[in-house]
Amino acid sequence: MDIADIATPDFIEVDVDERLGKVRSIFERENPKGIIVQDDGEYAGVIGEKQLINSHVEDNTKAAALTKAVPKIDRHENVREVARMLVEGNTKVAPVYEGEKQYGIITQDAILEAVLDNLDALTVEQIYTDDVVTIGERDHLGQAINRLREHGVSRLPVVDPDGRLAGILTTYDLVEFMVRDEGRQGKQDRRGDTDRMLDLPVYDLMTSPARTATPEESVRDAVARMLEHDIAGLVVTPADDDGEVLGVVTKTDVLRALTYTEEEQMDVQVTNIGLLETLSRADINSAITEVADKYQRMSVLHAHVRFHEHKEKLRGTPLIQCQIRLRTSHGQLAGSGEGYGAEHAFHVALDKLERNVLEVKGFEADERYRGQLLRKLNEL
């Protein structure tokens, strides 16, 4: 399937010098799927609706401040490749061209709606993220913001003092609250108000109950629920216990699954690939393969490497967080780390991943020994 029939001409163009206040009013008035940003008549990037909503930038700021450089996509490109481009570009919208002529845009939701009926073959268990980051309902909003930034995620399942699922907190909830409160308070010095908001408990802002999915249900049903409620993710819980947090499944996880291949060569996907300078995809593939080969009985089905840039810098080099996640014949394995520059961060995460791989190897060796011992005891 290609995107010829699902790309939409429903978009609006603005110049890089346009005020964000006007861009926001365009979204409110015309509700486009995305806005294409032009610089002197040439394509410069895109601004998505949630990207704009999730910003706390003043209205007088130029559109260039929120413009995301997203690669052009051919209108007849394969859906699988488009899904890969959206995930690796960390974007939910991209421009679509027919030759040199701009046709429209393609969105994450449009792809998911088009392939919805084909998602019955997948279960949530096959694609969800199990190394989930949570926040306590009594923790402060300031702690939640730091956790979102630290881990580069957009949602936190909220747990009560007993560790049970109580709700969900997203970046959208936080920004919508901050903007709403700012509008009510006015333009005076609001440092005290900001401190007050950051000290509020998560309980006051979380959405409860959180919408959930079970590992056994089909990805089709989970995606249909996300589209119906216009949300980007679901908390994964056991079928018999909706209070236990197993992980999170998001629309991006589904797009990533669309890129899986059945080729013998490991499929590697890189999110925020633009942060790579001295590394290449081939370097990443080779390094992960070398780690996986240390455990010959483990087959790596898919590798996802995600880079997240922090504001901190050392002599001009940004602090980068790298997360590596493998989906293998022995379940999910992950490693994460930070370093100045993508290459440094990648190797820190790779070392952690290797330790985790070897731990699995050691655990299985212990289990085999335990089984042999039990068999011998049963012979006595």
# chains A, B, ... in the order shown; residues from 1 in each chain; ligands from 1

call {"tool": "select_by_dssp", "arguments": {"residues": "region 225-276 of chain A", "states": "helix (DSSP H, G or I)", "output": "list in words"}}
result
Arg225, Met226, Leu227, Glu228, His229, Lys251, Thr252, Asp253, Val254, Leu255, Arg256, Ala257, Leu258, Ile273, Gly274 and Leu275 of chain A

call {"tool": "write_last_selection", "arguments": {"atoms": "C-alpha atoms", "output": "JSON list (two decimals), in the first residue's frame"}}
result
[["chain", "number", "residue", "atom", "x", "y", "z"],
["A", 225, "ARG", "CA", -9.83, 3.16, 21.13],
["A", 226, "MET", "CA", -7.01, 5.71, 20.80],
["A", 227, "LEU", "CA", -8.53, 7.18, 17.65],
["A", 228, "GLU", "CA", -12.02, 7.28, 19.16],
["A", 229, "HIS", "CA", -10.87, 9.22, 22.22],
["A", 251, "LYS", "CA", 0.47, 5.18, 18.36],
["A", 252, "THR", "CA", 4.20, 5.48, 17.73],
["A", 253, "ASP", "CA", 4.69, 1.89, 18.92],
["A", 254, "VAL", "CA", 2.14, 0.83, 16.32],
["A", 255, "LEU", "CA", 3.84, 2.80, 13.54],
["A", 256, "ARG", "CA", 7.13, 1.23, 14.56],
["A", 257, "ALA", "CA", 5.57, -2.22, 14.29],
["A", 258, "LEU", "CA", 4.55, -1.44, 10.70],
["A", 273, "ILE", "CA", 18.24, 10.47, 13.65],
["A", 274, "GLY", "CA", 19.15, 14.11, 13.02],
["A", 275, "LEU", "CA", 21.16, 14.11, 16.26]]

call {"tool": "residues_around", "arguments": {"residues": "Asp39 (chain A)", "least_positions_apart": "3", "cutoff": "6 Å", "atoms": "only C-alpha atoms", "output": "mmCIF file with N, CA and C atoms, in the first residue's frame"}}
result
data_model
loop_
_atom_site.group_PDB
_atom_site.id
_atom_site.type_symbol
_atom_site.label_atom_id
_atom_site.label_comp_id
_atom_site.auth_asym_id
_atom_site.auth_seq_id
_atom_site.Cartn_x
_atom_site.Cartn_y
_atom_site.Cartn_z
ATOM 1 N N ASP A 15 4.363 31.737 6.540
ATOM 2 C CA ASP A 15 5.764 32.098 6.386
ATOM 3 C C ASP A 15 6.491 31.940 7.721
ATOM 4 N N VAL A 16 7.807 31.744 7.652
ATOM 5 C CA VAL A 16 8.599 31.558 8.871
ATOM 6 C C VAL A 16 8.517 32.767 9.798
ATOM 7 N N GLU A 42 10.132 28.721 -0.315
ATOM 8 C CA GLU A 42 10.700 27.384 -0.274
ATOM 9 C C GLU A 42 10.253 26.658 0.995
ATOM 10 N N ALA A 44 10.202 24.917 4.363
ATOM 11 C CA ALA A 44 11.113 25.021 5.506
ATOM 12 C C ALA A 44 10.845 23.961 6.571
#

call {"tool": "closest_atom_pairs", "arguments": {"of": "region 294-324 of chain A", "to": "region 81-104 of chain A", "cutoff": "12 Å", "atoms": "only C-alpha atoms", "output": "CSV"}}
result
residue,atom,partner,partner_atom,distance
A:His304,CA,A:Glu88,CA,9.7
A:Val305,CA,A:Glu88,CA,9.4
A:Arg306,CA,A:Glu88,CA,8.5
A:Phe307,CA,A:Glu88,CA,9.9
A:His308,CA,A:Asn90,CA,10.2

call {"tool": "write_last_selection", "arguments": {"atoms": "N, CA, C and O atoms", "output": "PDB file, in the first residue's frame"}}
result
ATOM      1  N   HIS A 304      15.294  -0.698  18.408  1.00  0.00           N
ATOM      2  CA  HIS A 304      14.895   0.709  18.359  1.00  0.00           C
ATOM      3  C   HIS A 304      15.875   1.516  19.187  1.00  0.00           C
ATOM      4  O   HIS A 304      16.088   1.236  20.367  1.00  0.00           O
ATOM      5  N   VAL A 305      16.488   2.503  18.570  1.00  0.00           N
ATOM      6  CA  VAL A 305      17.439   3.376  19.249  1.00  0.00           C
ATOM      7  C   VAL A 305      16.849   4.784  19.242  1.00  0.00           C
ATOM      8  O   VAL A 305      16.568   5.334  18.175  1.00  0.00           O
ATOM      9  N   ARG A 306      16.681   5.351  20.434  1.00  0.00           N
ATOM     10  CA  ARG A 306      16.067   6.673  20.546  1.00  0.00           C
ATOM     11  C   ARG A 306      17.027   7.640  21.203  1.00  0.00           C
ATOM     12  O   ARG A 306      17.578   7.356  22.269  1.00  0.00           O
ATOM     13  N   PHE A 307      17.252   8.779  20.548  1.00  0.00           N
ATOM     14  CA  PHE A 307      18.098   9.829  21.097  1.00  0.00           C
ATOM     15  C   PHE A 307      17.228  11.005  21.547  1.00  0.00           C
ATOM     16  O   PHE A 307      16.268  11.364  20.862  1.00  0.00           O
ATOM     17  N   HIS A 308      17.588  11.585  22.675  1.00  0.00           N
ATOM     18  CA  HIS A 308      16.850  12.731  23.215  1.00  0.00           C
ATOM     19  C   HIS A 308      17.862  13.767  23.681  1.00  0.00           C
ATOM     20  O   HIS A 308      18.750  13.464  24.484  1.00  0.00           O
TER      21      HIS A 308
END

call {"tool": "residues_around", "arguments": {"residues": "Ile35 (chain A)", "least_positions_apart": "3", "cutoff": "7 Å", "atoms": "only C-alpha atoms", "output": "JSON, numbers by chain"}}
result
{"A": [11, 12, 13, 46, 47, 48]}

call {"tool": "residues_around", "arguments": {"residues": "Ala121 (chain A)", "least_positions_apart": "4", "cutoff": "9 Å", "atoms": "only C-alpha atoms", "output": "ChimeraX atom specification"}}
result
/A:218-220

call {"tool": "decode", "arguments": {"residues": "region 271-284 of chain A", "atoms": "all heavy atoms", "output": "compact mmCIF listing (two decimals), in the first residue's frame"}}
result
# COMPACT_ATOMS: atom_id res chain seq x y z
N THR A 271 15.19 6.91 16.29
CA THR A 271 14.36 8.09 16.49
C THR A 271 15.25 9.29 16.78
O THR A 271 16.19 9.19 17.55
CB THR A 271 13.37 7.87 17.64
OG1 THR A 271 12.47 6.82 17.27
CG2 THR A 271 12.56 9.13 17.92
N ASN A 272 14.90 10.43 16.15
CA ASN A 272 15.72 11.65 16.21
C ASN A 272 17.08 11.41 15.57
O ASN A 272 18.13 11.75 16.12
CB ASN A 272 15.87 12.15 17.65
CG ASN A 272 14.59 12.74 18.20
OD1 ASN A 272 13.80 13.30 17.44
ND2 ASN A 272 14.36 12.61 19.49
N ILE A 273 17.03 10.83 14.38
CA ILE A 273 18.24 10.47 13.65
C ILE A 273 19.08 11.70 13.30
O ILE A 273 20.27 11.61 13.06
CB ILE A 273 17.88 9.67 12.37
CG1 ILE A 273 19.10 8.93 11.83
CG2 ILE A 273 17.23 10.56 11.33
CD1 ILE A 273 18.76 7.92 10.75
N GLY A 274 18.44 12.88 13.32
CA GLY A 274 19.15 14.11 13.02
C GLY A 274 20.21 14.46 14.04
O GLY A 274 21.08 15.30 13.78
N LEU A 275 20.17 13.83 15.22
CA LEU A 275 21.16 14.11 16.26
C LEU A 275 22.48 13.38 16.00
O LEU A 275 23.48 13.66 16.65
CB LEU A 275 20.62 13.72 17.64
CG LEU A 275 19.43 14.55 18.15
CD1 LEU A 275 18.96 14.02 19.51
CD2 LEU A 275 19.84 16.02 18.30
N LEU A 276 22.47 12.43 15.06
CA LEU A 276 23.69 11.68 14.76
C LEU A 276 24.65 12.56 13.97
O LEU A 276 24.26 13.22 13.01
CB LEU A 276 23.36 10.43 13.94
CG LEU A 276 22.46 9.37 14.60
CD1 LEU A 276 22.34 8.17 13.68
CD2 LEU A 276 23.00 8.96 15.95
N GLU A 277 25.88 12.56 14.39
CA GLU A 277 26.92 13.32 13.67
C GLU A 277 28.04 12.39 13.24
O GLU A 277 28.32 12.25 12.05
CB GLU A 277 27.45 14.45 14.55
CG GLU A 277 26.40 15.53 14.83
CD GLU A 277 26.95 16.67 15.67
OE1 GLU A 277 28.10 16.54 16.16
OE2 GLU A 277 26.24 17.68 15.86
N THR A 278 28.68 11.74 14.20
CA THR A 278 29.80 10.86 13.88
C THR A 278 29.37 9.41 13.71
O THR A 278 30.15 8.58 13.25
CB THR A 278 30.87 10.95 14.99
OG1 THR A 278 30.27 10.62 16.24
CG2 THR A 278 31.44 12.36 15.06
N LEU A 279 28.13 9.10 14.10
CA LEU A 279 27.60 7.73 13.95
C LEU A 279 26.77 7.61 12.69
O LEU A 279 26.14 8.57 12.25
CB LEU A 279 26.72 7.37 15.15
CG LEU A 279 27.36 6.85 16.44
CD1 LEU A 279 26.28 6.64 17.48
CD2 LEU A 279 28.11 5.56 16.19
N SER A 280 26.71 6.41 12.14
CA SER A 280 25.81 6.13 11.02
C SER A 280 24.88 5.00 11.43
O SER A 280 25.12 4.31 12.44
CB SER A 280 26.60 5.70 9.78
OG SER A 280 27.22 4.44 9.99
N ARG A 281 23.83 4.79 10.66
CA ARG A 281 22.93 3.67 10.95
C ARG A 281 23.69 2.35 10.89
O ARG A 281 23.45 1.43 11.68
CB ARG A 281 21.76 3.66 9.96
CG ARG A 281 20.71 2.61 10.30
CD ARG A 281 19.77 2.40 9.12
NE ARG A 281 19.03 3.60 8.82
CZ ARG A 281 17.90 3.95 9.41
NH1 ARG A 281 17.40 3.18 10.37
NH2 ARG A 281 17.26 5.04 9.06
N ALA A 282 24.63 2.24 9.93
CA ALA A 282 25.42 1.01 9.79
C ALA A 282 26.27 0.76 11.04
O ALA A 282 26.42 -0.38 11.50
CB ALA A 282 26.32 1.09 8.56
N ASP A 283 26.83 1.83 11.63
CA ASP A 283 27.62 1.69 12.85
C ASP A 283 26.75 1.16 13.99
O ASP A 283 27.17 0.27 14.76
CB ASP A 283 28.21 3.05 13.27
CG ASP A 283 29.23 3.58 12.28
OD1 ASP A 283 29.88 2.75 11.60
OD2 ASP A 283 29.35 4.81 12.16
N ILE A 284 25.55 1.72 14.10
CA ILE A 284 24.62 1.30 15.16
C ILE A 284 24.22 -0.16 14.97
O ILE A 284 24.23 -0.96 15.92
CB ILE A 284 23.38 2.21 15.17
CG1 ILE A 284 23.77 3.62 15.65
CG2 ILE A 284 22.28 1.64 16.04
CD1 ILE A 284 22.65 4.63 15.56
